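One file, entry01.cif, is given below (mmCIF, C-alpha atoms and all ligand atoms).
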```cif
data_coords
#
loop_
_atom_site.group_PDB
_atom_site.id
_atom_site.type_symbol
_atom_site.label_atom_id
_atom_site.label_comp_id
_atom_site.auth_asym_id
_atom_site.auth_seq_id
_atom_site.Cartn_x
_atom_site.Cartn_y
_atom_site.Cartn_z
ATOM 1 C CA MET A 1 137.716 144.009 130.985
ATOM 2 C CA LYS A 2 141.411 143.426 130.828
ATOM 3 C CA LYS A 3 143.713 145.120 133.268
ATOM 4 C CA ARG A 4 147.041 146.831 132.876
ATOM 5 C CA ILE A 5 150.179 144.822 133.414
ATOM 6 C CA ILE A 6 151.374 144.831 136.991
ATOM 7 C CA PHE A 7 154.939 145.881 137.416
ATOM 8 C CA ILE A 8 154.372 147.668 140.650
ATOM 9 C CA VAL A 9 153.259 146.610 144.082
ATOM 10 C CA THR A 10 152.443 148.886 146.939
ATOM 11 C CA LEU A 11 155.452 149.103 149.126
ATOM 12 C CA LEU A 12 154.952 149.667 152.796
ATOM 13 C CA PHE A 13 158.209 150.568 154.365
ATOM 14 C CA GLY A 14 157.656 152.443 157.573
ATOM 15 C CA LEU A 15 161.185 151.993 158.733
ATOM 16 C CA SER A 16 163.677 154.747 158.306
ATOM 17 C CA LEU A 17 167.076 154.044 156.926
ATOM 18 C CA THR A 18 169.667 154.123 159.668
ATOM 19 C CA THR A 19 173.355 154.375 159.104
ATOM 20 C CA SER A 20 173.803 150.882 160.449
ATOM 21 C CA ALA A 21 171.368 149.280 158.030
ATOM 22 C CA GLN A 22 172.961 146.943 155.597
ATOM 23 C CA PHE A 23 171.915 145.263 152.429
ATOM 24 C CA LYS A 24 172.793 141.739 151.762
ATOM 25 C CA ILE A 25 172.927 140.904 148.145
ATOM 26 C CA GLY A 26 173.936 137.443 147.093
ATOM 27 C CA GLY A 27 175.107 136.806 150.656
ATOM 28 C CA LYS A 28 177.342 139.857 150.710
ATOM 29 C CA LYS A 29 176.787 142.606 153.229
ATOM 30 C CA ILE A 30 176.746 146.057 151.754
ATOM 31 C CA ASP A 31 177.281 149.237 153.677
ATOM 32 C CA VAL A 32 174.220 151.291 152.803
ATOM 33 C CA LYS A 33 175.726 154.659 153.638
ATOM 34 C CA LYS A 34 178.657 153.929 151.412
ATOM 35 C CA ALA A 35 176.471 152.564 148.639
ATOM 36 C CA VAL A 36 174.156 155.570 148.719
ATOM 37 C CA ALA A 37 177.111 157.927 148.707
ATOM 38 C CA ALA A 38 178.517 156.093 145.738
ATOM 39 C CA GLY A 39 175.294 156.863 143.858
ATOM 40 C CA THR A 40 175.481 155.590 140.319
ATOM 41 C CA ASP A 41 178.825 154.024 141.100
ATOM 42 C CA ALA A 42 177.067 151.653 143.459
ATOM 43 C CA ALA A 43 177.135 149.068 140.693
ATOM 44 C CA LYS A 44 180.881 148.893 141.018
ATOM 45 C CA ALA A 45 180.680 148.346 144.761
ATOM 46 C CA ILE A 46 178.525 145.261 144.436
ATOM 47 C CA THR A 47 179.439 142.162 142.573
ATOM 48 C CA LEU A 48 176.465 140.209 141.375
ATOM 49 C CA SER A 49 177.553 136.934 139.859
ATOM 50 C CA ASP A 50 175.869 135.452 136.802
ATOM 51 C CA ALA A 51 174.397 132.841 139.143
ATOM 52 C CA ASP A 52 172.939 135.617 141.347
ATOM 53 C CA ILE A 53 171.337 137.222 138.319
ATOM 54 C CA ALA A 54 170.082 133.916 136.919
ATOM 55 C CA ARG A 55 168.414 133.142 140.249
ATOM 56 C CA MET A 56 166.997 136.649 140.424
ATOM 57 C CA SER A 57 165.637 136.319 136.874
ATOM 58 C CA ALA A 58 163.848 133.093 137.724
ATOM 59 C CA GLU A 59 162.361 134.620 140.880
ATOM 60 C CA TYR A 60 161.372 137.738 138.985
ATOM 61 C CA MET A 61 159.557 135.720 136.317
ATOM 62 C CA LYS A 62 157.766 133.659 138.949
ATOM 63 C CA TRP A 63 156.624 136.900 140.563
ATOM 64 C CA MET A 64 155.510 138.384 137.252
ATOM 65 C CA ASP A 65 153.581 135.237 136.326
ATOM 66 C CA GLU A 66 151.889 135.198 139.715
ATOM 67 C CA HIS A 67 150.895 138.855 139.523
ATOM 68 C CA ASN A 68 149.704 138.972 135.931
ATOM 69 C CA PRO A 69 146.990 136.873 134.261
ATOM 70 C CA LEU A 70 148.952 134.337 132.247
ATOM 71 C CA THR A 71 146.812 132.955 129.458
ATOM 72 C CA ALA A 72 145.786 129.317 129.328
ATOM 73 C CA ALA A 73 146.919 127.236 126.343
ATOM 74 C CA ASP A 74 143.348 126.609 125.129
ATOM 75 C CA THR A 75 142.354 130.282 124.855
ATOM 76 C CA GLU A 76 142.478 132.227 121.583
ATOM 77 C CA TYR A 77 145.658 133.974 122.690
ATOM 78 C CA GLY A 78 147.158 130.700 123.858
ATOM 79 C CA LYS A 79 146.408 128.963 120.571
ATOM 80 C CA ARG A 80 147.781 131.822 118.530
ATOM 81 C CA LEU A 81 150.925 131.917 120.640
ATOM 82 C CA THR A 82 151.472 128.181 120.157
ATOM 83 C CA LYS A 83 150.929 128.538 116.412
ATOM 84 C CA LEU A 84 153.505 131.327 116.259
ATOM 85 C CA THR A 85 156.192 130.119 118.629
ATOM 86 C CA GLY A 86 155.613 126.368 118.835
ATOM 87 C CA ASN A 87 158.670 125.615 116.716
ATOM 88 C CA ILE A 88 161.027 127.951 118.497
ATOM 89 C CA LYS A 89 162.461 126.045 121.419
ATOM 90 C CA GLU A 90 165.765 127.820 121.960
ATOM 91 C CA VAL A 91 168.142 130.479 120.697
ATOM 92 C CA ASP A 92 171.905 130.376 121.113
ATOM 93 C CA GLY A 93 171.616 127.512 123.571
ATOM 94 C CA MET A 94 169.057 129.321 125.745
ATOM 95 C CA LYS A 95 165.798 127.437 126.251
ATOM 96 C CA LEU A 96 162.775 129.618 125.656
ATOM 97 C CA ASN A 97 159.335 129.596 127.195
ATOM 98 C CA PHE A 98 156.513 131.794 125.959
ATOM 99 C CA GLY A 99 153.405 133.195 127.561
ATOM 100 C CA VAL A 100 150.714 135.827 127.046
ATOM 101 C CA TYR A 101 149.571 138.158 129.786
ATOM 102 C CA GLU A 102 145.920 138.987 129.253
ATOM 103 C CA VAL A 103 146.412 142.683 129.862
ATOM 104 C CA ILE A 104 145.673 145.645 127.610
ATOM 105 C CA ASP A 105 149.228 146.949 127.326
ATOM 106 C CA VAL A 106 150.898 146.943 123.951
ATOM 107 C CA ASN A 107 154.145 145.521 125.198
ATOM 108 C CA ALA A 108 156.391 142.490 125.423
ATOM 109 C CA PHE A 109 159.554 141.533 127.218
ATOM 110 C CA ALA A 110 162.031 138.731 127.602
ATOM 111 C CA CYS A 111 163.993 137.740 130.661
ATOM 112 C CA GLY A 112 167.463 136.283 131.129
ATOM 113 C CA ASP A 113 166.044 132.878 131.994
ATOM 114 C CA GLY A 114 164.588 132.548 128.501
ATOM 115 C CA SER A 115 161.055 133.598 129.414
ATOM 116 C CA VAL A 116 159.268 135.658 126.788
ATOM 117 C CA ARG A 117 155.996 137.358 127.696
ATOM 118 C CA ILE A 118 153.709 139.137 125.287
ATOM 119 C CA CYS A 119 150.866 141.348 126.425
ATOM 120 C CA ALA A 120 147.480 140.628 124.815
ATOM 121 C CA GLY A 121 147.195 144.291 123.848
ATOM 122 C CA LEU A 122 150.166 143.861 121.551
ATOM 123 C CA MET A 123 148.723 140.702 119.999
ATOM 124 C CA ASP A 124 145.452 142.564 119.404
ATOM 125 C CA VAL A 125 147.029 145.277 117.287
ATOM 126 C CA MET A 126 149.818 143.413 115.531
ATOM 127 C CA THR A 127 149.892 140.836 112.776
ATOM 128 C CA ASP A 128 151.507 137.448 113.366
ATOM 129 C CA ASP A 129 154.707 138.565 111.648
ATOM 130 C CA GLU A 130 154.847 141.787 113.642
ATOM 131 C CA VAL A 131 154.358 139.906 116.918
ATOM 132 C CA MET A 132 157.235 137.619 115.938
ATOM 133 C CA ALA A 133 159.455 140.568 115.061
ATOM 134 C CA VAL A 134 158.821 142.086 118.494
ATOM 135 C CA ILE A 135 159.587 138.721 120.097
ATOM 136 C CA GLY A 136 162.826 138.597 118.104
ATOM 137 C CA HIS A 137 163.691 142.093 119.295
ATOM 138 C CA GLU A 138 163.127 141.156 122.949
ATOM 139 C CA ILE A 139 165.150 137.966 122.573
ATOM 140 C CA GLY A 140 167.880 140.135 121.076
ATOM 141 C CA HIS A 141 168.051 142.126 124.303
ATOM 142 C CA VAL A 142 168.564 138.891 126.238
ATOM 143 C CA VAL A 143 171.182 137.474 123.868
ATOM 144 C CA HIS A 144 173.133 140.746 124.001
ATOM 145 C CA THR A 145 172.971 140.663 127.848
ATOM 146 C CA ASP A 146 171.077 143.990 127.892
ATOM 147 C CA VAL A 147 168.434 142.381 130.092
ATOM 148 C CA LYS A 148 171.025 140.986 132.475
ATOM 149 C CA ASP A 149 172.622 144.419 132.829
ATOM 150 C CA ALA A 150 169.229 146.084 133.269
ATOM 151 C CA MET A 151 168.307 143.489 135.890
ATOM 152 C CA LYS A 152 171.480 144.234 137.793
ATOM 153 C CA ASN A 153 170.930 147.989 137.655
ATOM 154 C CA ALA A 154 167.268 147.628 138.553
ATOM 155 C CA TYR A 155 168.143 145.508 141.545
ATOM 156 C CA LEU A 156 170.658 148.043 142.738
ATOM 157 C CA ARG A 157 168.189 150.885 142.312
ATOM 158 C CA SER A 158 165.354 149.022 143.992
ATOM 159 C CA ALA A 159 167.619 147.791 146.759
ATOM 160 C CA LEU A 160 168.850 151.289 147.448
ATOM 161 C CA LYS A 161 165.306 152.573 147.505
ATOM 162 C CA ASN A 162 164.154 149.900 149.887
ATOM 163 C CA ALA A 163 167.242 149.436 151.953
ATOM 164 C CA ALA A 164 165.285 148.901 155.157
ATOM 165 C CA GLY A 165 163.382 146.047 153.606
ATOM 166 C CA ALA A 166 166.490 144.518 152.130
ATOM 167 C CA ALA A 167 168.234 144.352 155.482
ATOM 168 C CA SER A 168 166.644 141.043 156.403
ATOM 169 C CA ASP A 169 168.890 138.051 156.975
ATOM 170 C CA LYS A 170 167.257 135.866 154.402
ATOM 171 C CA VAL A 171 168.408 136.930 150.980
ATOM 172 C CA ALA A 172 168.509 133.572 149.285
ATOM 173 C CA LYS A 173 165.023 134.427 148.092
ATOM 174 C CA LEU A 174 163.806 137.925 147.423
ATOM 175 C CA THR A 175 160.700 138.950 149.315
ATOM 176 C CA ASP A 176 157.479 139.803 147.537
ATOM 177 C CA SER A 177 158.078 143.516 148.122
ATOM 178 C CA GLU A 178 161.648 143.302 146.894
ATOM 179 C CA LEU A 179 160.520 141.563 143.735
ATOM 180 C CA GLY A 180 157.853 144.221 143.271
ATOM 181 C CA ALA A 181 160.440 146.931 143.651
ATOM 182 C CA LEU A 182 162.696 145.097 141.230
ATOM 183 C CA ALA A 183 159.857 144.814 138.729
ATOM 184 C CA GLU A 184 159.146 148.506 139.076
ATOM 185 C CA ALA A 185 162.773 149.448 138.565
ATOM 186 C CA LEU A 186 163.041 147.089 135.617
ATOM 187 C CA ALA A 187 159.912 148.515 134.024
ATOM 188 C CA GLY A 188 161.534 151.930 134.048
ATOM 189 C CA ALA A 189 164.796 150.658 132.629
ATOM 190 C CA GLN A 190 165.736 152.247 129.369
ATOM 191 C CA PHE A 191 168.035 150.619 126.893
ATOM 192 C CA SER A 192 170.544 152.722 125.025
ATOM 193 C CA GLN A 193 170.147 153.632 121.397
ATOM 194 C CA LYS A 194 172.974 151.266 120.558
ATOM 195 C CA GLN A 195 171.265 148.423 122.422
ATOM 196 C CA GLU A 196 168.017 149.129 120.547
ATOM 197 C CA THR A 197 169.803 149.162 117.201
ATOM 198 C CA GLN A 198 171.428 145.838 117.958
ATOM 199 C CA ALA A 199 168.153 144.311 119.163
ATOM 200 C CA ASP A 200 166.444 145.535 115.967
ATOM 201 C CA ASN A 201 169.187 143.926 113.904
ATOM 202 C CA TYR A 202 168.751 140.728 115.864
ATOM 203 C CA ALA A 203 164.992 140.870 115.213
ATOM 204 C CA PHE A 204 165.636 141.335 111.497
ATOM 205 C CA ASP A 205 167.859 138.241 111.344
ATOM 206 C CA PHE A 206 165.385 136.361 113.545
ATOM 207 C CA CYS A 207 162.637 137.126 111.010
ATOM 208 C CA ILE A 208 164.723 136.004 108.035
ATOM 209 C CA LYS A 209 165.717 132.806 109.829
ATOM 210 C CA ASN A 210 162.104 131.974 110.700
ATOM 211 C CA ASN A 211 160.561 132.833 107.315
ATOM 212 C CA ILE A 212 158.914 135.962 108.610
ATOM 213 C CA ASP A 213 158.304 139.069 106.493
ATOM 214 C CA PRO A 214 161.569 141.094 106.416
ATOM 215 C CA TYR A 215 159.420 144.223 106.829
ATOM 216 C CA ALA A 216 157.810 142.922 110.037
ATOM 217 C CA MET A 217 160.082 144.808 112.454
ATOM 218 C CA SER A 218 159.731 148.034 110.500
ATOM 219 C CA ASN A 219 155.951 147.599 110.331
ATOM 220 C CA ALA A 220 155.683 146.842 114.056
ATOM 221 C CA LEU A 221 157.650 149.963 114.943
ATOM 222 C CA GLN A 222 155.664 152.090 112.512
ATOM 223 C CA LYS A 223 152.449 150.794 114.027
ATOM 224 C CA LEU A 224 153.610 151.906 117.464
ATOM 225 C CA VAL A 225 154.499 155.336 116.118
ATOM 226 C CA ASP A 226 151.083 155.665 114.456
ATOM 227 C CA MET A 227 149.292 154.618 117.638
ATOM 228 C CA TYR A 228 151.320 157.018 119.688
ATOM 229 C CA GLU A 229 150.616 159.873 117.315
ATOM 230 C CA ALA A 230 146.915 159.065 117.272
ATOM 231 C CA GLY A 231 146.910 159.916 120.978
ATOM 232 C CA GLY A 232 144.150 159.189 123.460
ATOM 233 C CA ASP A 233 143.438 155.730 124.761
ATOM 234 C CA LYS A 234 145.644 153.994 122.202
ATOM 235 C CA ALA A 235 148.624 156.128 123.063
ATOM 236 C CA SER A 236 148.261 155.477 126.770
ATOM 237 C CA LYS A 237 148.504 151.726 126.208
ATOM 238 C CA ILE A 238 151.880 152.028 124.585
ATOM 239 C CA GLN A 239 153.314 154.682 126.827
ATOM 240 C CA GLN A 240 155.322 152.126 128.772
ATOM 241 C CA MET A 241 156.853 150.672 125.656
ATOM 242 C CA PHE A 242 157.563 154.113 124.297
ATOM 243 C CA SER A 243 159.273 155.337 127.404
ATOM 244 C CA THR A 244 161.632 152.374 127.255
ATOM 245 C CA HIS A 245 161.979 152.352 123.473
ATOM 246 C CA PRO A 246 162.573 155.863 122.157
ATOM 247 C CA ASP A 247 163.274 156.936 118.577
ATOM 248 C CA SER A 248 160.795 154.443 117.143
ATOM 249 C CA ALA A 249 160.163 156.460 113.965
ATOM 250 C CA LYS A 250 163.860 156.546 113.146
ATOM 251 C CA ARG A 251 164.186 152.883 113.942
ATOM 252 C CA ALA A 252 161.199 152.005 111.737
ATOM 253 C CA ALA A 253 162.811 153.862 108.826
ATOM 254 C CA ARG A 254 166.148 152.141 109.350
ATOM 255 C CA MET A 255 164.531 148.711 109.477
ATOM 256 C CA LYS A 256 162.610 149.489 106.292
ATOM 257 C CA GLU A 257 165.867 150.341 104.525
ATOM 258 C CA LYS A 258 167.329 147.061 105.719
ATOM 259 C CA ALA A 259 164.315 145.156 104.398
ATOM 260 C CA ASP A 260 164.483 147.021 101.070
ATOM 261 C CA GLU A 261 168.127 146.048 100.729
ATOM 262 C CA TYR A 262 167.413 142.429 101.606
ATOM 263 C CA SER A 263 164.509 142.230 99.159
ATOM 264 C CA LYS A 264 166.710 143.470 96.303
ATOM 265 C CA LYS A 265 169.063 140.510 96.693
HETATM 266 ZN ZN ZN B 1 164.203 147.167 122.830
#
```

For the file at hand, write its structure as structure tokens.
Amino acid sequence: MKKRIIFIVTLLFGLSLTTSAQFKIGGKKIDVKKAVAAGTDAAKAITLSDADIARMSAEYMKWMDEHNPLTAADTEYGKRLTKLTGNIKEVDGMKLNFGVYEVIDVNAFACGDGSVRICAGLMDVMTDDEVMAVIGHEIGHVVHTDVKDAMKNAYLRSALKNAAGAASDKVAKLTDSELGALAEALAGAQFSQKQETQADNYAFDFCIKNNIDPYAMSNALQKLVDMYEAGGDKASKIQQMFSTHPDSAKRAARMKEKADEYSKK
């Protein structure tokens, strides 16, 4: 039986945070006490360069791929994925790579390094066009730098939470625990309504460009709403996606209007 996606590792930090503990992020030492006091303003106190975030994204994806069952190309999921995405090599100059996690979650995500991962649970319940619309939506978050911003915030949150662990000298590479904490923080990241609207619009254009049903995004969202409302086991599989993607019913309706308009042309 398939498992749930792993975003979270068990963190074993027995050390207490002392006032002299310091983070080092991207080679910079950060005063923990100051950073904690700054609370949500901590982001302003730390400058993460694009290169820092790009490196972090690559490490994060490596961690995710190691901790989740990535499908082989010759499986049913692998073949379907190749059929769907085989012709899509890049968007806006960003090289893409696709993969399926054989987990039951109805979810998908894209990372700043151009990695797109789709959970098997989502492929099970959605049509080809709907899967592609969701992929377009996730790519939209990357293109609009939502993912980069979320990655930065997640790192700050996870770093603050695990300050003792982050105080090691070696920060060129994140430790397994740090990456786990980052993954956990990222999983809980919520995009704003505006970011969702823009990602939906991106998905719509992505569908048109790739000869996909203009109603695919609307249908995918409506399917999630229906599953959620059905409750029980189905609802639990999409809880993660729902907590990070609110207002799905409204969004489904808006995307339907957009498709109606397009179809009239
Ligand atoms: Zn989204």

Which residues form the shell of 7 Å around ligand ZN 1 (chain B) when you count all atoms listed in the file, given as a list in words?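 Checked against 7 Å with all atoms listed in the file; the hits are His137, Glu138, His141, Phe191, Glu196, Ala199 and His245 of chain A.
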
Ranking A:Ile212, A:Val147, A:Ala259, A:Leu174 by minimum distance to A:Ser192 and counting all atoms listed in the file, which one comes first?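 Looking only at the distances to A:Ser192, the closest residue turns out to be A:Val147.
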
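Ranking A:Tyr101, A:Tyr77, A:Tyr228, A:Tyr60 by their shortest atom-to-atom distance to A:Lys2, with all atoms listed in the file included, puts A:Tyr101 first.
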
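Put simply, atom CA of A:Thr127 is 8.4 Å away from atom CA of A:Ala220.
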
What is the atom CA of A:Ala54 to atom CA of A:Asp149 distance in Å? 11.6 Å

Counting all atoms listed in the file, what is within 7 Å of stretch 91-97 of chain A, bar same-chain residues fewer than 3 positions away, as a list in words? Gly114, Ser115 and Val116 of chain A

Atomic separation - atom CA of A:Gln222 relative to atom CA of A:Glu184, Å: 27.0 Å

Using the chain letters and numbering of this document, enumerate as a list in words the residues selected by the PyMOL selection byres (((chain A and resi 72-75) around 12) and not hetatm).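 When the PyMOL selection byres (((chain A and resi 72-75) around 12) and not hetatm) is applied to the shown file, the picked residues are Pro69, Leu70, Thr71, Glu76, Tyr77, Gly78, Lys79, Arg80, Leu81, Thr82, Lys83, Gly86, Phe98, Gly99, Val100, Tyr101, Glu102 and Ala120 of chain A.
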
Within-10 Å shell of (174.6, 139.8, 120.4) in input frame, all atoms listed in the file, as a PyMOL selection string: chain A and resi 92+139-146+195+198-199+201-202

In terms of the shortest atom-to-atom distance over all atoms listed in the file, which of A:Asp129, A:Asp105, A:Asp205, A:Asp113 is closest to A:Ile53?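 Closest to A:Ile53, using all atoms listed in the file: A:Asp113.
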
Which one is closest to A:Ala181: A:Lys223, A:Lys89, A:Lys256, A:Arg157? Count all atoms listed in the file.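 Looking at the shortest contact to A:Ala181, the residue is A:Arg157.
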
Here is a test: counting all atoms listed in the file, which residue of A:Gly136, A:Met56, A:Arg4, A:Ser218 is nearest to A:Glu178?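 Closest to A:Glu178 of all the choices is A:Met56.
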
So, with only C-alpha atoms as the atoms that count, which of A:Ala252, A:Leu84, A:Leu48, A:Ala108 lies closest to A:Met217? A:Ala252

I'd like the residues picked by the PyMOL selection byres (((chain A and resi 104) around 10) and not hetatm) written out as a ChimeraX atom specification, using the chain letters and numbers from the file. /A:1-5,101-103,105-107,119-124,234,237-238
